[in-house]
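Text of the file run26.pdb, holding PDB, C-alpha atoms and all ligand atoms:
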```
ATOM      1  CA  MET O   1      88.890  31.288  84.160  1.00  0.00           C
ATOM      2  CA  LEU O   2      88.149  34.638  82.565  1.00  0.00           C
ATOM      3  CA  ARG O   3      91.832  35.426  82.759  1.00  0.00           C
ATOM      4  CA  ASN O   4      92.681  32.243  80.843  1.00  0.00           C
ATOM      5  CA  LEU O   5      90.093  32.954  78.185  1.00  0.00           C
ATOM      6  CA  PHE O   6      91.506  36.430  77.753  1.00  0.00           C
ATOM      7  CA  ALA O   7      95.072  35.104  77.470  1.00  0.00           C
ATOM      8  CA  SER O   8      94.183  32.538  74.809  1.00  0.00           C
ATOM      9  CA  ALA O   9      92.276  35.161  72.822  1.00  0.00           C
ATOM     10  CA  VAL O  10      95.419  37.284  72.737  1.00  0.00           C
ATOM     11  CA  LEU O  11      97.592  34.311  71.743  1.00  0.00           C
ATOM     12  CA  LEU O  12      95.154  33.381  69.003  1.00  0.00           C
ATOM     13  CA  SER O  13      95.241  36.839  67.475  1.00  0.00           C
ATOM     14  CA  LEU O  14      99.052  36.822  67.712  1.00  0.00           C
ATOM     15  CA  SER O  15      99.164  33.742  65.490  1.00  0.00           C
ATOM     16  CA  THR O  16      96.716  34.912  62.825  1.00  0.00           C
ATOM     17  CA  LEU O  17      98.861  37.021  60.541  1.00  0.00           C
ATOM     18  CA  SER O  18      97.331  38.534  57.452  1.00  0.00           C
ATOM     19  CA  LEU O  19      99.438  38.522  54.296  1.00  0.00           C
ATOM     20  CA  ALA O  20      98.365  41.853  52.853  1.00  0.00           C
ATOM     21  CA  HIS O  21      99.374  44.175  55.639  1.00  0.00           C
ATOM     22  CA  GLU O  22      96.775  46.848  55.165  1.00  0.00           C
ATOM     23  CA  TYR O  23      93.292  47.326  56.511  1.00  0.00           C
ATOM     24  CA  LYS O  24      90.161  49.088  55.304  1.00  0.00           C
ATOM     25  CA  THR O  25      87.184  50.504  57.102  1.00  0.00           C
ATOM     26  CA  GLY O  26      84.760  52.796  55.297  1.00  0.00           C
ATOM     27  CA  ASP O  27      86.813  55.306  53.317  1.00  0.00           C
ATOM     28  CA  LEU O  28      89.931  54.744  55.386  1.00  0.00           C
ATOM     29  CA  MET O  29      92.929  52.561  54.621  1.00  0.00           C
ATOM     30  CA  ILE O  30      95.464  51.765  57.327  1.00  0.00           C
ATOM     31  CA  ASP O  31      98.800  50.897  55.753  1.00  0.00           C
ATOM     32  CA  HIS O  32     101.454  48.734  57.405  1.00  0.00           C
ATOM     33  CA  PRO O  33     101.015  49.070  61.172  1.00  0.00           C
ATOM     34  CA  TRP O  34     104.375  48.318  62.824  1.00  0.00           C
ATOM     35  CA  ALA O  35     106.327  48.836  66.017  1.00  0.00           C
ATOM     36  CA  ARG O  36     110.049  48.786  66.611  1.00  0.00           C
ATOM     37  CA  GLU O  37     111.713  45.916  68.464  1.00  0.00           C
ATOM     38  CA  LEU O  38     113.046  47.152  71.799  1.00  0.00           C
ATOM     39  CA  PRO O  39     115.072  45.620  74.624  1.00  0.00           C
ATOM     40  CA  PRO O  40     112.811  43.523  76.910  1.00  0.00           C
ATOM     41  CA  THR O  41     113.528  45.975  79.737  1.00  0.00           C
ATOM     42  CA  SER O  42     111.822  48.841  77.899  1.00  0.00           C
ATOM     43  CA  PRO O  43     108.428  49.543  79.504  1.00  0.00           C
ATOM     44  CA  THR O  44     107.214  51.645  76.567  1.00  0.00           C
ATOM     45  CA  SER O  45     107.127  51.449  72.795  1.00  0.00           C
ATOM     46  CA  ALA O  46     105.340  53.129  69.918  1.00  0.00           C
ATOM     47  CA  ALA O  47     103.221  51.990  66.986  1.00  0.00           C
ATOM     48  CA  PHE O  48     103.320  53.526  63.513  1.00  0.00           C
ATOM     49  CA  PHE O  49     101.185  53.359  60.340  1.00  0.00           C
ATOM     50  CA  ILE O  50      99.928  55.511  57.504  1.00  0.00           C
ATOM     51  CA  LEU O  51      96.267  56.519  57.371  1.00  0.00           C
ATOM     52  CA  HIS O  52      94.767  57.149  53.932  1.00  0.00           C
ATOM     53  CA  ASN O  53      91.383  58.797  53.509  1.00  0.00           C
ATOM     54  CA  HIS O  54      89.702  58.070  50.163  1.00  0.00           C
ATOM     55  CA  GLY O  55      86.489  59.841  51.126  1.00  0.00           C
ATOM     56  CA  ASP O  56      85.165  63.367  50.667  1.00  0.00           C
ATOM     57  CA  GLN O  57      85.054  64.158  54.370  1.00  0.00           C
ATOM     58  CA  GLU O  58      87.697  64.556  57.030  1.00  0.00           C
ATOM     59  CA  ASP O  59      87.911  61.795  59.608  1.00  0.00           C
ATOM     60  CA  ARG O  60      89.838  61.781  62.861  1.00  0.00           C
ATOM     61  CA  LEU O  61      91.764  59.155  64.782  1.00  0.00           C
ATOM     62  CA  LEU O  62      90.479  59.547  68.343  1.00  0.00           C
ATOM     63  CA  GLY O  63      92.415  56.890  70.204  1.00  0.00           C
ATOM     64  CA  ALA O  64      93.912  53.429  70.339  1.00  0.00           C
ATOM     65  CA  SER O  65      94.038  50.481  72.688  1.00  0.00           C
ATOM     66  CA  THR O  66      95.812  47.131  72.856  1.00  0.00           C
ATOM     67  CA  PRO O  67      95.758  44.224  75.332  1.00  0.00           C
ATOM     68  CA  ILE O  68      99.588  44.180  75.430  1.00  0.00           C
ATOM     69  CA  ALA O  69      99.903  47.645  76.981  1.00  0.00           C
ATOM     70  CA  GLY O  70      98.444  49.178  80.118  1.00  0.00           C
ATOM     71  CA  LYS O  71      97.745  52.398  78.242  1.00  0.00           C
ATOM     72  CA  ALA O  72      97.965  53.714  74.666  1.00  0.00           C
ATOM     73  CA  GLU O  73      98.055  57.435  73.823  1.00  0.00           C
ATOM     74  CA  LEU O  74      98.261  59.452  70.629  1.00  0.00           C
ATOM     75  CA  HIS O  75     101.468  61.463  70.601  1.00  0.00           C
ATOM     76  CA  THR O  76     103.236  63.857  68.303  1.00  0.00           C
ATOM     77  CA  HIS O  77     106.682  65.445  68.352  1.00  0.00           C
ATOM     78  CA  VAL O  78     107.038  69.203  68.667  1.00  0.00           C
ATOM     79  CA  HIS O  79     110.105  71.400  68.385  1.00  0.00           C
ATOM     80  CA  MET O  80     111.002  73.020  71.702  1.00  0.00           C
ATOM     81  CA  GLY O  81     113.827  75.244  70.601  1.00  0.00           C
ATOM     82  CA  GLU O  82     116.552  72.851  69.475  1.00  0.00           C
ATOM     83  CA  VAL O  83     115.046  69.669  70.876  1.00  0.00           C
ATOM     84  CA  MET O  84     112.124  67.505  69.841  1.00  0.00           C
ATOM     85  CA  ARG O  85     109.725  66.558  72.589  1.00  0.00           C
ATOM     86  CA  MET O  86     106.759  64.231  72.640  1.00  0.00           C
ATOM     87  CA  GLN O  87     103.370  65.692  73.308  1.00  0.00           C
ATOM     88  CA  LYS O  88     100.027  63.969  73.830  1.00  0.00           C
ATOM     89  CA  ILE O  89      97.337  64.887  71.295  1.00  0.00           C
ATOM     90  CA  ASP O  90      93.591  64.335  71.587  1.00  0.00           C
ATOM     91  CA  SER O  91      93.088  63.308  67.970  1.00  0.00           C
ATOM     92  CA  ALA O  92      94.717  63.336  64.540  1.00  0.00           C
ATOM     93  CA  ALA O  93      92.847  64.576  61.467  1.00  0.00           C
ATOM     94  CA  ILE O  94      92.984  62.654  58.195  1.00  0.00           C
ATOM     95  CA  PRO O  95      92.107  65.101  55.407  1.00  0.00           C
ATOM     96  CA  PRO O  96      89.710  64.061  52.596  1.00  0.00           C
ATOM     97  CA  HIS O  97      91.667  62.441  49.736  1.00  0.00           C
ATOM     98  CA  GLY O  98      94.766  62.816  51.854  1.00  0.00           C
ATOM     99  CA  MET O  99      96.815  60.959  54.388  1.00  0.00           C
ATOM    100  CA  THR O 100      98.298  61.281  57.845  1.00  0.00           C
ATOM    101  CA  GLU O 101     101.544  59.567  58.684  1.00  0.00           C
ATOM    102  CA  PHE O 102     102.445  58.027  62.016  1.00  0.00           C
ATOM    103  CA  VAL O 103     106.220  57.711  61.707  1.00  0.00           C
ATOM    104  CA  PRO O 104     109.275  57.835  63.986  1.00  0.00           C
ATOM    105  CA  GLY O 105     109.985  61.468  64.865  1.00  0.00           C
ATOM    106  CA  GLY O 106     106.362  62.459  64.189  1.00  0.00           C
ATOM    107  CA  ASN O 107     102.945  61.194  65.225  1.00  0.00           C
ATOM    108  CA  HIS O 108     102.882  57.837  66.984  1.00  0.00           C
ATOM    109  CA  VAL O 109     100.733  55.685  69.217  1.00  0.00           C
ATOM    110  CA  MET O 110     102.615  55.549  72.509  1.00  0.00           C
ATOM    111  CA  LEU O 111     102.316  52.255  74.373  1.00  0.00           C
ATOM    112  CA  PHE O 112     102.831  52.382  78.141  1.00  0.00           C
ATOM    113  CA  ASP O 113     103.302  49.532  80.658  1.00  0.00           C
ATOM    114  CA  LEU O 114     104.008  46.805  78.108  1.00  0.00           C
ATOM    115  CA  LYS O 115     102.907  43.398  79.366  1.00  0.00           C
ATOM    116  CA  GLN O 116     105.232  41.458  77.091  1.00  0.00           C
ATOM    117  CA  PRO O 117     108.518  42.197  75.301  1.00  0.00           C
ATOM    118  CA  LEU O 118     108.209  43.200  71.653  1.00  0.00           C
ATOM    119  CA  LYS O 119     110.269  40.808  69.552  1.00  0.00           C
ATOM    120  CA  ALA O 120     110.857  41.174  65.804  1.00  0.00           C
ATOM    121  CA  GLY O 121     108.548  38.853  63.888  1.00  0.00           C
ATOM    122  CA  ASP O 122     105.772  39.024  66.482  1.00  0.00           C
ATOM    123  CA  SER O 123     102.594  40.968  66.016  1.00  0.00           C
ATOM    124  CA  PHE O 124      99.926  42.235  68.350  1.00  0.00           C
ATOM    125  CA  PRO O 125      96.376  43.576  68.007  1.00  0.00           C
ATOM    126  CA  LEU O 126      95.740  47.312  68.154  1.00  0.00           C
ATOM    127  CA  THR O 127      92.243  48.771  68.085  1.00  0.00           C
ATOM    128  CA  LEU O 128      92.003  52.171  66.418  1.00  0.00           C
ATOM    129  CA  GLU O 129      88.979  54.382  67.012  1.00  0.00           C
ATOM    130  CA  PHE O 130      87.934  56.850  64.329  1.00  0.00           C
ATOM    131  CA  GLU O 131      85.354  59.590  64.620  1.00  0.00           C
ATOM    132  CA  LYS O 132      83.393  58.540  61.511  1.00  0.00           C
ATOM    133  CA  ALA O 133      84.724  55.120  60.501  1.00  0.00           C
ATOM    134  CA  GLY O 134      84.347  53.688  64.010  1.00  0.00           C
ATOM    135  CA  LYS O 135      86.602  51.069  65.556  1.00  0.00           C
ATOM    136  CA  LEU O 136      88.968  48.781  63.706  1.00  0.00           C
ATOM    137  CA  GLU O 137      91.415  46.182  64.981  1.00  0.00           C
ATOM    138  CA  VAL O 138      94.691  45.901  63.097  1.00  0.00           C
ATOM    139  CA  GLN O 139      97.709  43.653  63.629  1.00  0.00           C
ATOM    140  CA  VAL O 140     100.897  45.554  64.409  1.00  0.00           C
ATOM    141  CA  LYS O 141     104.088  43.856  63.204  1.00  0.00           C
ATOM    142  CA  VAL O 142     107.215  44.145  65.326  1.00  0.00           C
ATOM    143  CA  GLU O 143     110.222  45.007  63.181  1.00  0.00           C
ATOM    144  CA  THR O 144     113.852  45.918  63.807  1.00  0.00           C
ATOM    145  CA  ALA O 145     113.878  48.952  61.486  1.00  0.00           C
ATOM    146  CA  PRO O 146     111.265  51.120  59.795  1.00  0.00           C
ATOM    147  CA  PRO O 147     109.989  49.533  56.559  1.00  0.00           C
ATOM    148  CA  GLY O 148     111.495  51.355  53.579  1.00  0.00           C
ATOM    149  CA  HIS O 149     112.481  54.388  55.625  1.00  0.00           C
ATOM    150  CA  GLU O 150     116.196  55.084  55.886  1.00  0.00           C
ATOM    151  CA  HIS O 151     115.616  58.533  57.303  1.00  0.00           C
ATOM    152  CA  GLN O 152     114.746  58.116  60.968  1.00  0.00           C
ATOM    153  CA  GLY O 153     114.136  61.704  61.963  1.00  0.00           C
ATOM    154  CA  HIS O 154     115.853  62.933  65.100  1.00  0.00           C
TER     155      HIS O 154
HETATM  156 CU    CU E 201     105.300  59.233  72.684  1.00  0.00          CU
END
```

What would you get if you wrote out this structure as structure tokens?
Amino acid sequence: MLRNLFASAVLLSLSTLSLAHEYKTGDLMIDHPWARELPPTSPTSAAFFILHNHGDQEDRLLGASTPIAGKAELHTHVHMGEVMRMQKIDSAAIPPHGMTEFVPGGNHVMLFDLKQPLKAGDSFPLTLEFEKAGKLEVQVKVETAPPGHEHQGH
């Protein structure tokens, strides 16, 4: 019974798409959360967005969670000699009157143990937790290519 309730709650949030694809909480604005479509066999994916801070104080993204993945971690890419490797980070600062980008080849929210394939056109809920602004649920759109970004990093 609880399982069914949980499943329909997820389906419901999948079908409620907002038109303006940005979210606000306190002084923060979360612009265009998206994830790349991957083959159904892929057990992991990543979510991206741009965090704007319109306030006078730094805030920090502390973590993320989503019902479609077993685990979500904040990651960044670091240069290890010639190669780029992913590394888990504890938090990401968003400077006052500045922004922090989560983009392919840089910071991202890593999604492990996906419970459903990510298909272009779908969306899924992702809860972001900020040090000052608190928790906020956003809808992540699944897309085939980064929006407006031709440069895909490495
Ligand atoms: Cu990663």

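Among the candidate residues O:Pro96, O:Gly134, O:Gly105, O:Pro125, the one lying nearest to ligand CU 201 (chain E) is O:Gly105, with distances computed using all atoms listed in the file.
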
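Considering all atoms listed in the file, the residue among O:Leu114, O:Ala46, O:Val103, O:Ile89 positioned nearest to ligand CU 201 (chain E) is O:Ala46.
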
ask   = Which residues sit within 12 Å of ligand CU 201 (chain E), counting all atoms listed in the file, listed as a VMD selection string?
value = chain O and resid 44 to 48 71 to 78 84 to 89 102 to 112

Same residues, C-alpha atoms, saved as a compact mmCIF listing (two decimals), keeping the file's coordinate frame:
```txt
# COMPACT_ATOMS: atom_id res chain seq x y z
CA THR O 44 107.21 51.64 76.57
CA SER O 45 107.13 51.45 72.80
CA ALA O 46 105.34 53.13 69.92
CA ALA O 47 103.22 51.99 66.99
CA PHE O 48 103.32 53.53 63.51
CA LYS O 71 97.74 52.40 78.24
CA ALA O 72 97.96 53.71 74.67
CA GLU O 73 98.06 57.44 73.82
CA LEU O 74 98.26 59.45 70.63
CA HIS O 75 101.47 61.46 70.60
CA THR O 76 103.24 63.86 68.30
CA HIS O 77 106.68 65.44 68.35
CA VAL O 78 107.04 69.20 68.67
CA MET O 84 112.12 67.50 69.84
CA ARG O 85 109.72 66.56 72.59
CA MET O 86 106.76 64.23 72.64
CA GLN O 87 103.37 65.69 73.31
CA LYS O 88 100.03 63.97 73.83
CA ILE O 89 97.34 64.89 71.30
CA PHE O 102 102.44 58.03 62.02
CA VAL O 103 106.22 57.71 61.71
CA PRO O 104 109.28 57.84 63.99
CA GLY O 105 109.98 61.47 64.86
CA GLY O 106 106.36 62.46 64.19
CA ASN O 107 102.94 61.19 65.22
CA HIS O 108 102.88 57.84 66.98
CA VAL O 109 100.73 55.68 69.22
CA MET O 110 102.62 55.55 72.51
CA LEU O 111 102.32 52.26 74.37
CA PHE O 112 102.83 52.38 78.14
```

task = For the structure shown, which residues end up in the PyMOL selection byres (((chain O and resi 19-29) around 12) and not hetatm)? Put them as an MDAnalysis selection string, please?
result = chainID O and resid 16:18 30:34 49:61 93:101 123 126:141 147

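Here atom CA of Pro67 of chain O stands at a distance of 20.6 Å from atom CA of Asp90 of chain O.
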
message = Just to confirm, what's the straight-line distance from atom CA of Glu37 of chain O to atom CA of Ala69 of chain O in Å (one decimal)?
response = 14.7 Å

ask   = So how many Å separate atom CA of Pro43 of chain O and atom CA of Ile68 of chain O, to one decimal?
value = 11.1 Å

Show me, as AutoDock Vina command-line options, the centre and edge lengths in Å to one decimal of the axis-aligned box that covers every listed atom of segment 74-90 of chain O with 5 Å on each side.
```
--center_x 105.1 --center_y 67.3 --center_z 71.1 --size_x 33.0 --size_y 25.8 --size_z 15.5
```

key: O:Ala92, O:Ala35, O:Ala64, O:Met80 ranked by distance to Leu118 of chain O, top pick (using only C-alpha atoms)   = O:Ala35
